[in-house]
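What follows is target_39.tsv (TSV, C-alpha atoms and all ligand atoms).
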```
chain	number	residue	atom	x	y	z
A	1	MET	CA	7.71	16.91	-36.78
A	2	ALA	CA	9.14	14.68	-39.53
A	3	ASN	CA	9.94	17.74	-41.67
A	4	ALA	CA	13.52	18.90	-40.86
A	5	ASP	CA	12.65	22.45	-42.00
A	6	ALA	CA	9.71	22.71	-39.62
A	7	ILE	CA	11.78	22.29	-36.48
A	8	SER	CA	15.25	23.52	-35.60
A	9	ALA	CA	18.08	21.63	-33.92
A	10	ASP	CA	17.83	24.11	-31.04
A	11	GLN	CA	14.20	23.20	-30.53
A	12	GLN	CA	15.05	19.50	-30.43
A	13	VAL	CA	17.85	20.19	-27.94
A	14	ALA	CA	15.41	22.19	-25.80
A	15	ARG	CA	13.04	19.21	-25.74
A	16	ILE	CA	15.77	16.94	-24.37
A	17	PHE	CA	16.61	19.49	-21.67
A	18	GLU	CA	12.93	19.82	-20.79
A	19	TRP	CA	12.57	16.03	-20.34
A	20	ARG	CA	15.77	15.95	-18.29
A	21	ARG	CA	14.32	18.68	-16.06
A	22	GLY	CA	11.19	16.55	-15.76
A	23	PHE	CA	13.33	13.63	-14.55
A	24	ASN	CA	14.92	15.85	-11.88
A	25	THR	CA	11.59	17.38	-10.93
A	26	ILE	CA	10.05	13.95	-10.32
A	27	HIS	CA	12.95	13.15	-7.97
A	28	LEU	CA	12.60	16.54	-6.29
A	29	ILE	CA	8.91	15.78	-5.71
A	30	ASP	CA	9.73	12.31	-4.44
A	31	VAL	CA	12.20	13.73	-1.90
A	32	GLY	CA	9.58	16.25	-0.79
A	33	VAL	CA	6.87	13.60	-0.39
A	34	ARG	CA	9.06	11.11	1.47
A	35	LEU	CA	10.69	13.62	3.81
A	36	GLY	CA	7.37	15.31	4.57
A	37	LEU	CA	8.41	18.68	3.06
A	38	PHE	CA	5.12	19.15	1.19
A	39	LYS	CA	3.15	18.09	4.26
A	40	ALA	CA	5.10	20.55	6.46
A	41	LEU	CA	4.38	23.38	4.04
A	42	ALA	CA	0.72	22.37	3.82
A	43	ASP	CA	0.49	22.44	7.63
A	44	THR	CA	2.42	25.69	8.11
A	45	PRO	CA	2.39	27.81	4.98
A	46	GLY	CA	4.72	30.81	5.10
A	47	SER	CA	7.65	28.88	6.61
A	48	THR	CA	11.29	29.55	5.83
A	49	ALA	CA	13.52	26.67	4.69
A	50	GLU	CA	15.33	26.87	8.04
A	51	GLU	CA	12.08	26.57	10.00
A	52	ILE	CA	11.02	23.51	7.98
A	53	ALA	CA	14.47	21.94	8.37
A	54	ALA	CA	14.35	22.46	12.13
A	55	ARG	CA	10.83	21.01	12.40
A	56	LEU	CA	11.73	17.90	10.37
A	57	GLN	CA	15.28	17.62	11.74
A	58	LEU	CA	16.81	17.91	8.28
A	59	HIS	CA	19.99	19.54	7.00
A	60	ALA	CA	19.00	23.20	6.47
A	61	PRO	CA	21.26	24.00	3.46
A	62	TYR	CA	19.81	21.04	1.56
A	63	VAL	CA	16.24	22.02	2.43
A	64	SER	CA	17.04	25.55	1.27
A	65	VAL	CA	18.17	24.28	-2.17
A	66	TRP	CA	15.12	22.02	-2.34
A	67	CYS	CA	12.82	24.98	-1.63
A	68	LYS	CA	14.50	27.25	-4.18
A	69	THR	CA	14.33	24.56	-6.87
A	70	ALA	CA	10.72	23.72	-6.06
A	71	TYR	CA	9.91	27.44	-6.21
A	72	GLY	CA	11.64	27.66	-9.61
A	73	MET	CA	9.61	24.69	-10.86
A	74	GLU	CA	6.41	26.39	-9.55
A	75	LEU	CA	5.66	23.64	-7.06
A	76	LEU	CA	6.01	26.27	-4.32
A	77	ASP	CA	5.04	29.92	-4.14
A	78	ALA	CA	6.88	32.35	-1.87
A	79	ASP	CA	6.84	35.76	-0.24
A	80	GLU	CA	9.88	37.82	0.73
A	81	GLY	CA	12.01	36.05	3.29
A	82	PRO	CA	11.72	33.78	1.45
A	83	ARG	CA	8.68	32.29	3.16
A	84	TYR	CA	7.36	29.33	1.20
A	85	ARG	CA	3.91	27.86	0.67
A	86	LEU	CA	2.57	25.22	-1.72
A	87	ALA	CA	1.45	26.38	-5.16
A	88	PRO	CA	-2.32	25.96	-5.69
A	89	HIS	CA	-3.79	22.45	-5.35
A	90	PHE	CA	-0.54	20.72	-4.36
A	91	GLU	CA	-1.78	20.35	-0.77
A	92	VAL	CA	-4.06	17.56	-2.03
A	93	ILE	CA	-1.95	16.37	-4.99
A	94	LEU	CA	1.26	15.94	-2.96
A	95	ALA	CA	0.40	16.18	0.74
A	96	ALA	CA	-2.91	14.32	1.26
A	97	PRO	CA	-2.45	10.55	0.68
A	98	SER	CA	-6.15	9.79	1.15
A	99	HIS	CA	-7.32	12.34	-1.43
A	100	PRO	CA	-8.40	10.96	-4.85
A	101	ARG	CA	-6.09	13.43	-6.60
A	102	TYR	CA	-3.03	12.40	-4.56
A	103	LEU	CA	-0.11	11.49	-6.86
A	104	GLY	CA	2.64	10.68	-4.34
A	105	GLY	CA	2.18	6.95	-5.00
A	106	TYR	CA	2.41	7.43	-8.76
A	107	VAL	CA	5.62	9.48	-8.39
A	108	ARG	CA	7.05	6.74	-6.15
A	109	LEU	CA	6.22	4.08	-8.75
A	110	GLY	CA	8.50	6.04	-11.08
A	111	THR	CA	11.43	6.71	-8.75
A	112	GLU	CA	11.37	3.31	-7.05
A	113	VAL	CA	9.96	0.77	-9.46
A	114	ALA	CA	10.30	2.17	-12.98
A	115	ALA	CA	13.85	3.40	-12.28
A	116	GLU	CA	14.91	-0.14	-11.29
A	117	ASP	CA	13.12	-1.70	-14.25
A	118	PHE	CA	14.66	0.77	-16.71
A	119	LYS	CA	18.10	-0.22	-15.41
A	120	ARG	CA	17.30	-3.84	-16.21
A	121	CYS	CA	16.21	-2.95	-19.76
A	122	LEU	CA	19.67	-3.23	-21.30
A	123	GLN	CA	19.91	-6.84	-20.23
A	124	ALA	CA	16.22	-7.61	-20.80
A	125	PHE	CA	16.18	-6.36	-24.39
A	126	ARG	CA	18.74	-9.09	-25.13
A	127	THR	CA	17.28	-11.86	-23.00
A	128	ALA	CA	13.52	-11.07	-23.05
A	129	GLU	CA	13.48	-11.52	-19.28
A	130	VAL	CA	10.37	-10.53	-17.34
A	131	LYS	CA	9.94	-9.42	-13.72
A	132	PRO	CA	6.21	-9.79	-13.20
A	133	PHE	CA	3.85	-7.68	-11.10
A	134	GLN	CA	3.26	-10.50	-8.64
A	135	GLY	CA	5.71	-11.08	-5.77
A	136	ARG	CA	7.28	-7.60	-5.79
A	137	GLY	CA	6.45	-7.05	-2.13
A	138	ASP	CA	4.29	-4.93	0.16
A	139	ASP	CA	5.84	-1.53	-0.66
A	140	PHE	CA	5.20	-2.10	-4.35
A	141	ASN	CA	1.62	-3.26	-3.72
A	142	GLN	CA	1.04	-0.21	-1.54
A	143	ALA	CA	2.43	2.17	-4.19
A	144	ILE	CA	0.13	0.56	-6.79
A	145	ALA	CA	-2.88	0.96	-4.49
A	146	GLU	CA	-2.02	4.63	-3.89
A	147	SER	CA	-1.60	5.33	-7.57
A	148	THR	CA	-4.98	3.84	-8.55
A	149	GLN	CA	-6.89	5.50	-5.72
A	150	GLY	CA	-8.38	8.27	-7.86
A	151	LEU	CA	-9.76	5.71	-10.34
A	152	GLN	CA	-11.24	3.72	-7.48
A	153	VAL	CA	-13.09	6.73	-6.06
A	154	VAL	CA	-14.46	7.69	-9.48
A	155	THR	CA	-15.58	4.08	-10.06
A	156	ALA	CA	-17.34	3.70	-6.70
A	157	LYS	CA	-18.89	7.16	-6.58
A	158	LYS	CA	-19.61	8.04	-10.21
A	159	ILE	CA	-19.28	5.24	-12.75
A	160	LEU	CA	-21.19	2.45	-10.96
A	161	PRO	CA	-23.96	4.66	-9.53
A	162	GLY	CA	-24.48	6.01	-13.08
A	163	LEU	CA	-25.22	2.59	-14.61
A	164	ASP	CA	-28.84	1.97	-15.47
A	165	GLY	CA	-30.57	-0.11	-12.79
A	166	LEU	CA	-27.41	-1.15	-10.95
A	167	SER	CA	-27.91	0.82	-7.72
A	168	ALA	CA	-31.47	-0.55	-7.36
A	169	ARG	CA	-30.21	-4.11	-7.72
A	170	LEU	CA	-27.43	-3.54	-5.18
A	171	ASP	CA	-29.80	-1.83	-2.73
A	172	ALA	CA	-31.97	-4.94	-2.98
A	173	GLY	CA	-29.06	-7.11	-1.77
A	174	GLY	CA	-27.24	-7.71	-5.04
A	175	ALA	CA	-23.56	-8.51	-5.43
A	176	LEU	CA	-20.44	-6.91	-6.91
A	177	LEU	CA	-17.30	-8.72	-8.04
A	178	GLU	CA	-13.94	-6.99	-8.39
A	179	VAL	CA	-11.46	-8.93	-10.51
A	180	GLY	CA	-7.85	-8.05	-9.59
A	181	CYS	CA	-8.82	-6.51	-6.25
A	182	GLY	CA	-5.18	-6.12	-5.14
A	183	THR	CA	-4.90	-4.79	-1.59
A	184	GLY	CA	-8.65	-4.28	-1.33
A	185	ASN	CA	-9.14	-0.51	-1.22
A	186	LEU	CA	-11.89	-0.57	-3.83
A	187	LEU	CA	-13.66	-3.43	-2.01
A	188	LEU	CA	-14.03	-1.19	1.04
A	189	GLN	CA	-15.18	1.77	-1.01
A	190	LEU	CA	-17.75	-0.37	-2.83
A	191	ALA	CA	-19.02	-1.69	0.51
A	192	LYS	CA	-19.41	1.90	1.70
A	193	ALA	CA	-21.05	3.15	-1.51
A	194	PHE	CA	-23.50	0.20	-1.63
A	195	PRO	CA	-24.23	-0.71	2.01
A	196	LYS	CA	-26.71	-3.49	1.18
A	197	ALA	CA	-24.54	-5.25	-1.41
A	198	ARG	CA	-22.29	-8.28	-1.08
A	199	VAL	CA	-18.79	-7.47	-2.37
A	200	ILE	CA	-16.35	-10.13	-3.54
A	201	GLY	CA	-12.80	-9.56	-4.69
A	202	VAL	CA	-10.62	-12.04	-6.54
A	203	ASP	CA	-6.90	-11.85	-7.29
A	204	ILE	CA	-3.99	-14.18	-7.95
A	205	GLU	CA	-1.49	-12.32	-5.73
A	206	ALA	CA	-1.34	-13.81	-2.24
A	207	ASP	CA	0.39	-10.89	-0.45
A	208	SER	CA	-2.10	-8.33	-1.76
A	209	LEU	CA	-4.98	-10.55	-0.66
A	210	THR	CA	-3.53	-10.80	2.85
A	211	ALA	CA	-3.47	-6.98	3.00
A	212	ALA	CA	-7.03	-6.87	1.64
A	213	ARG	CA	-8.33	-9.32	4.27
A	214	THR	CA	-6.67	-7.34	7.06
A	215	LYS	CA	-8.43	-4.17	5.88
A	216	ILE	CA	-11.79	-5.95	5.56
A	217	ALA	CA	-11.47	-7.30	9.11
A	218	ALA	CA	-10.34	-3.91	10.50
A	219	ALA	CA	-13.44	-2.33	8.95
A	220	GLY	CA	-15.63	-5.07	10.47
A	221	LEU	CA	-16.98	-5.97	7.03
A	222	GLN	CA	-16.28	-9.75	6.95
A	223	GLU	CA	-20.03	-10.49	6.82
A	224	ARG	CA	-20.50	-9.10	3.33
A	225	VAL	CA	-17.00	-8.44	1.90
A	226	GLU	CA	-14.55	-11.18	0.90
A	227	ALA	CA	-11.21	-11.37	-0.92
A	228	ARG	CA	-10.59	-14.72	-2.62
A	229	GLN	CA	-7.57	-16.16	-4.39
A	230	GLY	CA	-7.97	-17.99	-7.67
A	231	THR	CA	-9.85	-17.71	-10.93
A	232	VAL	CA	-13.11	-15.83	-11.38
A	233	ALA	CA	-14.93	-19.14	-11.91
A	234	SER	CA	-13.58	-20.50	-8.64
A	235	ALA	CA	-14.55	-17.33	-6.73
A	236	VAL	CA	-18.20	-16.91	-7.73
A	237	GLN	CA	-21.07	-18.97	-9.17
A	238	PRO	CA	-22.22	-18.28	-12.74
A	239	GLY	CA	-25.09	-15.76	-12.89
A	240	SER	CA	-24.57	-14.56	-9.31
A	241	VAL	CA	-23.32	-10.94	-9.49
A	242	ASP	CA	-24.80	-7.68	-10.75
A	243	ALA	CA	-21.54	-6.08	-11.85
A	244	VAL	CA	-17.96	-7.13	-12.45
A	245	VAL	CA	-15.39	-4.35	-12.08
A	246	MET	CA	-11.74	-4.38	-13.18
A	247	ILE	CA	-9.50	-1.37	-12.58
A	248	GLU	CA	-6.09	-1.37	-14.26
A	249	VAL	CA	-6.25	-5.17	-14.43
A	250	LEU	CA	-6.96	-6.22	-18.03
A	251	HIS	CA	-3.54	-5.08	-19.25
A	252	GLU	CA	-1.91	-6.92	-16.31
A	253	ILE	CA	-3.35	-10.25	-17.37
A	254	ALA	CA	-1.24	-12.28	-19.77
A	255	PRO	CA	-2.84	-12.02	-23.25
A	256	ALA	CA	-3.32	-15.79	-23.48
A	257	LEU	CA	-5.34	-15.78	-20.22
A	258	ARG	CA	-7.52	-12.76	-21.06
A	259	PRO	CA	-10.25	-14.58	-23.02
A	260	GLY	CA	-10.79	-16.97	-20.09
A	261	VAL	CA	-10.96	-14.18	-17.49
A	262	ILE	CA	-13.43	-12.11	-19.52
A	263	ARG	CA	-15.50	-15.21	-20.40
A	264	GLU	CA	-15.70	-16.20	-16.73
A	265	SER	CA	-16.52	-12.61	-15.74
A	266	ALA	CA	-19.35	-12.45	-18.29
A	267	ALA	CA	-20.62	-15.83	-17.05
A	268	ALA	CA	-20.59	-14.56	-13.45
A	269	LEU	CA	-23.05	-11.78	-14.36
A	270	ARG	CA	-26.79	-12.07	-13.88
A	271	ALA	CA	-28.86	-11.11	-16.95
A	272	GLY	CA	-28.83	-7.31	-17.17
A	273	GLY	CA	-25.62	-7.09	-15.10
A	274	TRP	CA	-22.71	-4.85	-16.08
A	275	LEU	CA	-19.08	-5.52	-16.95
A	276	VAL	CA	-17.06	-2.39	-16.14
A	277	ILE	CA	-13.46	-2.27	-17.30
A	278	VAL	CA	-11.29	0.73	-16.42
A	279	ASP	CA	-7.97	0.32	-18.18
A	280	GLU	CA	-5.60	1.80	-20.69
A	281	THR	CA	-5.98	1.46	-24.44
A	282	TYR	CA	-2.93	1.08	-26.67
A	283	PRO	CA	-2.83	3.09	-29.90
A	284	THR	CA	-3.07	1.07	-33.11
A	285	SER	CA	-1.93	3.57	-35.75
A	286	LEU	CA	1.00	5.97	-36.08
A	287	GLU	CA	-1.51	8.81	-36.02
A	288	GLU	CA	-2.91	7.60	-32.66
A	289	MET	CA	0.58	7.25	-31.16
A	290	ARG	CA	0.94	11.04	-31.16
A	291	ARG	CA	-2.56	11.84	-29.95
A	292	PRO	CA	-2.65	13.31	-26.40
A	293	GLU	CA	-5.10	10.72	-25.06
A	294	PHE	CA	-2.72	7.89	-25.98
A	295	LYS	CA	0.42	9.36	-24.37
A	296	PHE	CA	-0.26	7.83	-20.98
A	297	PRO	CA	-0.96	4.27	-22.26
A	298	LEU	CA	2.01	4.53	-24.63
A	299	MET	CA	4.28	5.35	-21.67
A	300	THR	CA	2.72	2.61	-19.52
A	301	GLY	CA	3.52	0.13	-22.30
A	302	PHE	CA	7.20	1.11	-22.01
A	303	GLU	CA	7.26	1.43	-18.21
A	304	GLU	CA	5.64	-1.99	-17.72
A	305	LEU	CA	7.51	-3.77	-20.50
A	306	LEU	CA	9.55	-5.80	-18.02
A	307	TRP	CA	6.43	-6.66	-16.02
A	308	GLY	CA	5.39	-8.68	-19.08
A	309	ASN	CA	2.40	-6.39	-19.59
A	310	VAL	CA	0.90	-5.77	-23.02
A	311	ILE	CA	-1.65	-2.94	-23.16
A	312	PRO	CA	-4.70	-4.05	-25.16
A	313	THR	CA	-5.84	-2.07	-28.16
A	314	ARG	CA	-9.46	-0.99	-28.62
A	315	GLU	CA	-9.98	-3.86	-31.07
A	316	GLU	CA	-8.61	-6.41	-28.59
A	317	GLN	CA	-10.74	-5.06	-25.75
A	318	GLU	CA	-13.90	-5.27	-27.82
A	319	LYS	CA	-13.13	-8.70	-29.28
A	320	LEU	CA	-12.63	-10.09	-25.76
A	321	GLN	CA	-16.11	-8.91	-24.80
A	322	ARG	CA	-17.77	-10.13	-27.99
A	323	ASP	CA	-16.07	-13.54	-27.72
A	324	ALA	CA	-17.34	-13.76	-24.13
A	325	GLY	CA	-20.90	-13.46	-25.43
A	326	LEU	CA	-21.49	-9.81	-24.46
A	327	THR	CA	-23.19	-8.59	-27.61
A	328	GLY	CA	-24.79	-5.35	-26.38
A	329	PRO	CA	-23.44	-1.85	-27.00
A	330	ILE	CA	-20.02	-1.14	-25.51
A	331	GLU	CA	-20.02	2.32	-23.96
A	332	ARG	CA	-16.55	3.88	-24.09
A	333	SER	CA	-15.39	7.03	-22.37
A	334	LEU	CA	-12.05	8.57	-21.43
A	335	ILE	CA	-11.18	9.76	-17.93
A	336	GLY	CA	-8.12	11.31	-16.30
A	337	GLU	CA	-4.75	11.18	-18.03
A	338	GLY	CA	-5.81	8.53	-20.56
A	339	PHE	CA	-7.88	5.81	-18.95
A	340	THR	CA	-10.69	4.15	-20.86
A	341	VAL	CA	-13.94	3.19	-19.17
A	342	LEU	CA	-15.75	0.35	-20.96
A	343	CYS	CA	-19.25	-0.54	-19.80
A	344	THR	CA	-21.19	-3.44	-21.33
A	345	ARG	CA	-24.47	-5.00	-20.23
A	346	LYS	CA	-25.26	-8.71	-20.33
B	1	LIG	C1	-2.41	-2.75	-11.27
B	1	LIG	S1	-3.05	-3.90	-10.09
B	1	LIG	C2	-4.59	-3.12	-9.74
B	1	LIG	C3	-5.13	-3.53	-8.42
B	1	LIG	C4	-6.41	-2.85	-8.01
B	1	LIG	N1	-7.47	-3.14	-8.96
B	1	LIG	C5	-6.21	-1.37	-7.86
B	1	LIG	O1	-6.92	-0.62	-8.53
B	1	LIG	O2	-5.36	-0.95	-7.07
B	1	LIG	C6	-3.53	-5.31	-11.07
B	1	LIG	C7	-4.03	-6.47	-10.25
B	1	LIG	O3	-4.53	-7.48	-11.13
B	1	LIG	C8	-4.16	-8.74	-10.59
B	1	LIG	N2	-4.24	-9.78	-11.62
B	1	LIG	C9	-3.40	-10.05	-12.64
B	1	LIG	N3	-3.81	-11.11	-13.34
B	1	LIG	C10	-4.95	-11.55	-12.75
B	1	LIG	C11	-5.85	-12.62	-13.00
B	1	LIG	N4	-5.66	-13.46	-14.01
B	1	LIG	N5	-6.94	-12.76	-12.19
B	1	LIG	C12	-7.13	-11.90	-11.16
B	1	LIG	N6	-6.30	-10.87	-10.87
B	1	LIG	C13	-5.23	-10.69	-11.65
B	1	LIG	C14	-2.75	-8.48	-10.08
B	1	LIG	O4	-2.31	-9.50	-9.20
B	1	LIG	C15	-2.94	-7.11	-9.41
B	1	LIG	O5	-3.35	-7.22	-8.07
```
Render the structure in this file as structure tokens.
Ligand SMILES: C[S@@+](CC[C@H](N)C(=O)[O-])C[C@H]1O[C@@H](n2cnc3c(N)ncnc32)[C@H](O)[C@@H]1O
Amino acid sequence: MANADAISADQQVARIFEWRRGFNTIHLIDVGVRLGLFKALADTPGSTAEEIAARLQLHAPYVSVWCKTAYGMELLDADEGPRYRLAPHFEVILAAPSHPRYLGGYVRLGTEVAAEDFKRCLQAFRTAEVKPFQGRGDDFNQAIAESTQGLQVVTAKKILPGLDGLSARLDAGGALLEVGCGTGNLLLQLAKAFPKARVIGVDIEADSLTAARTKIAAAGLQERVEARQGTVASAVQPGSVDAVVMIEVLHEIAPALRPGVIRESAAALRAGGWLVIVDETYPTSLEEMRRPEFKFPLMTGFEELLWGNVIPTREEQEKLQRDAGLTGPIERSLIGEGFTVLCTRK
């Protein structure tokens, strides 16, 4: 790419137009998710724009342009009429909020949250101001919970059950700790996946914890599931849990606080227990910055700049674990768009 002969000005121009189309397409998707257009097409495939507009009480000419554009972007397929239906797989990706592949929440984080933060960038680059994750309100917390849902399902159903000896310990009445439990969706899934285990969540965000406690009570799980506010050390006794799980949390913790959180998490584990970190890994070299698996974390680093977040590099992640006294092998794998799964045994 650096070689001016290897790429033409027209190609560079085309890249800008492609990204600009991506910006519009994300907003097109957002409109479709929020107005229920994808859901209507999932429920009644083969509808005309006018039929959908009538059903949702929307302005038909606008729905018609939305449908044509979505067809052009291959979000919709169509037969003569035109009668529209969703292109393959979008019924779960854009119309089924409880499905692990649902991305409506992630799109909303872009149009609602990132768009606002990007506007603040001009000022923030001069002043270094930060608008942290905490205290952004229920809608924000809900959008976060929706966007991490797929990771939560994979963690509860695949990653934890695959760890040597963990299921047996949990079936025998062991305990799981989730650090940064947010609004508590994973706590409920863990309770379901391991019906004999005690499940404790800890977070520092009061509003999210209120939402988590409401969900725990609604599911009738207060006996064995709890969401606590405070530090890890204040939430659980040392040597009392069989696994500590963190999903998209390490990079949210201020770098100066990370050693303490990981040290307390390691201390909370029983001997042979697992620390499971699902998070993003920042590239360390120029070569890594252009590798496909680092694109997502690279973009998160920019998108969450104003949240005060700093994505840890591989070296930082591993040093935190070593400094916390976890000296065993660190198993690393990549899942999804660019998430790292780190599993270490005490
Ligand atoms: C991106 S959210 C992820 C929430 C949840 N794990 C999920 O998957 O939806 C990060 C969470 O980490 C929490 N957090 C940040 N710093 C923390 C700390 N020092 N101790 C505990 N939780 C923390 C935030 O308040 C937030 O709820």
Q | Cut-off 9 Å, all atoms listed in the file, neighbours of ligand LIG 1 (chain B) as a VMD selection string | A | chain A and resid 133 to 135 141 to 149 151 to 152 178 to 186 201 to 206 208 to 209 229 to 232 245 to 254 257 to 258 260 to 261
Convert the current residue selection to file output with C-alpha atoms, as a CSV table (one decimal), in the coordinates of the input.
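Done, and the output landed in out.csv:
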```csv
chain,number,residue,atom,x,y,z
A,133,PHE,CA,3.8,-7.7,-11.1
A,134,GLN,CA,3.3,-10.5,-8.6
A,135,GLY,CA,5.7,-11.1,-5.8
A,141,ASN,CA,1.6,-3.3,-3.7
A,142,GLN,CA,1.0,-0.2,-1.5
A,143,ALA,CA,2.4,2.2,-4.2
A,144,ILE,CA,0.1,0.6,-6.8
A,145,ALA,CA,-2.9,1.0,-4.5
A,146,GLU,CA,-2.0,4.6,-3.9
A,147,SER,CA,-1.6,5.3,-7.6
A,148,THR,CA,-5.0,3.8,-8.6
A,149,GLN,CA,-6.9,5.5,-5.7
A,151,LEU,CA,-9.8,5.7,-10.3
A,152,GLN,CA,-11.2,3.7,-7.5
A,178,GLU,CA,-13.9,-7.0,-8.4
A,179,VAL,CA,-11.5,-8.9,-10.5
A,180,GLY,CA,-7.8,-8.0,-9.6
A,181,CYS,CA,-8.8,-6.5,-6.2
A,182,GLY,CA,-5.2,-6.1,-5.1
A,183,THR,CA,-4.9,-4.8,-1.6
A,184,GLY,CA,-8.6,-4.3,-1.3
A,185,ASN,CA,-9.1,-0.5,-1.2
A,186,LEU,CA,-11.9,-0.6,-3.8
A,201,GLY,CA,-12.8,-9.6,-4.7
A,202,VAL,CA,-10.6,-12.0,-6.5
A,203,ASP,CA,-6.9,-11.8,-7.3
A,204,ILE,CA,-4.0,-14.2,-8.0
A,205,GLU,CA,-1.5,-12.3,-5.7
A,206,ALA,CA,-1.3,-13.8,-2.2
A,208,SER,CA,-2.1,-8.3,-1.8
A,209,LEU,CA,-5.0,-10.6,-0.7
A,229,GLN,CA,-7.6,-16.2,-4.4
A,230,GLY,CA,-8.0,-18.0,-7.7
A,231,THR,CA,-9.8,-17.7,-10.9
A,232,VAL,CA,-13.1,-15.8,-11.4
A,245,VAL,CA,-15.4,-4.4,-12.1
A,246,MET,CA,-11.7,-4.4,-13.2
A,247,ILE,CA,-9.5,-1.4,-12.6
A,248,GLU,CA,-6.1,-1.4,-14.3
A,249,VAL,CA,-6.2,-5.2,-14.4
A,250,LEU,CA,-7.0,-6.2,-18.0
A,251,HIS,CA,-3.5,-5.1,-19.2
A,252,GLU,CA,-1.9,-6.9,-16.3
A,253,ILE,CA,-3.4,-10.2,-17.4
A,254,ALA,CA,-1.2,-12.3,-19.8
A,257,LEU,CA,-5.3,-15.8,-20.2
A,258,ARG,CA,-7.5,-12.8,-21.1
A,260,GLY,CA,-10.8,-17.0,-20.1
A,261,VAL,CA,-11.0,-14.2,-17.5
```
Q | Residues within 7 Å of Arg101 in chain A, only C-alpha atoms, excluding chain neighbours under 6 positions, as a VMD selection string | A | chain A and resid 92 to 93 150
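As for CA of Lys158 in chain A and CA of Pro283 in chain A, they are spaced 26.3 Å apart.
Here CA of Thr127 in chain A and CA of Gly301 in chain A stand 18.3 Å from one another.
Residues in contact with Gly162 in chain A at up to 12 Å, not including ones fewer than 6 positions away on its chain and judged by all atoms listed in the file, are Val154, Thr155, Ala156, Ala168, Trp274, Val276 and Cys343 of chain A.
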Q.
When you count all atoms listed in the file, which of these residues is closest to Gly174 in chain A: A:Asp323, A:Asp242, A:Asp5, A:Glu293?
A.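 Checking each of A:Asp323, A:Asp242, A:Asp5, A:Glu293 against Gly174 in chain A, counting all atoms listed in the file, the winner is A:Asp242.
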Q. Could you tell me, as an MDAnalysis selection string, which residues have any atom at most 12 Å from (-23.4, -15.6, -27.3), counting all atoms listed in the file?
A. chainID A and resid 263 266:267 321:328 346
Q) Which of these residues is nearest to Arg228 in chain A, using only C-alpha atoms: A:Thr25, A:Ser240, A:Thr313, A:Thr210? A)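 Answer, going by the shortest atom-to-atom distance: A:Thr210.
Computed from the coordinates, the CA of Met299 in chain A to CA of Tyr71 in chain A distance equals 27.5 Å.
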Close residues, Leu334 in chain A itself excluded, 10 Å, all atoms listed in the file, min 6 positions apart in chain, as a compact mmCIF listing (two decimals) with C-alpha atoms, keeping the file's coordinate frame:
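And here's out_33.txt as it stands now:
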```txt
# COMPACT_ATOMS: atom_id res chain seq x y z
CA VAL A 278 -11.29 0.73 -16.42
CA ASP A 279 -7.97 0.32 -18.18
CA GLU A 280 -5.60 1.80 -20.69
CA THR A 281 -5.98 1.46 -24.44
CA GLU A 293 -5.10 10.72 -25.06
CA THR A 340 -10.69 4.15 -20.86
CA VAL A 341 -13.94 3.19 -19.17
CA LEU A 342 -15.75 0.35 -20.96
```
**Q.** Test item: residues at most 12 Å from Ala124 in chain A, only C-alpha atoms, excluding those fewer than 4 positions along its chain, as a list in words
**A.**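 That gives Asp117, Phe118, Lys119, Arg120, Ala128, Glu129, Val130, Lys131, Leu305, Leu306, Trp307 and Gly308 of chain A.
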**Q.** For Ser47 in chain A: contacts at 6 Å, only C-alpha atoms, fewer than 2 positions along chain excluded, given as a PyMOL selection string
**A.** chain A and resi 45+83-84
Q) Looking at A:Gly32, A:Pro329, A:Pro292, A:Gly338, which one is nearest to Val107 in chain A, with distances taken over only C-alpha atoms? A) A:Gly32
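Take the candidates A:Tyr62, A:Gly165, A:Phe294, A:Leu177 and check each one against Gln237 in chain A using all atoms listed in the file; the shortest distance goes to A:Leu177.
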Q. Using only C-alpha atoms, which of A:Leu41, A:Ala114, A:Ala70, A:Ala87 sits nearest Phe302 in chain A?
A.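 Looking at the shortest contact to Phe302 in chain A, the residue is A:Ala114.
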Q: Rank A:Ser8, A:Ser285, A:Thr69, A:Ser64 by their smallest atom-to-atom distance to Arg21 in chain A, using all atoms listed in the file, and report the top residue only.
A: A:Thr69
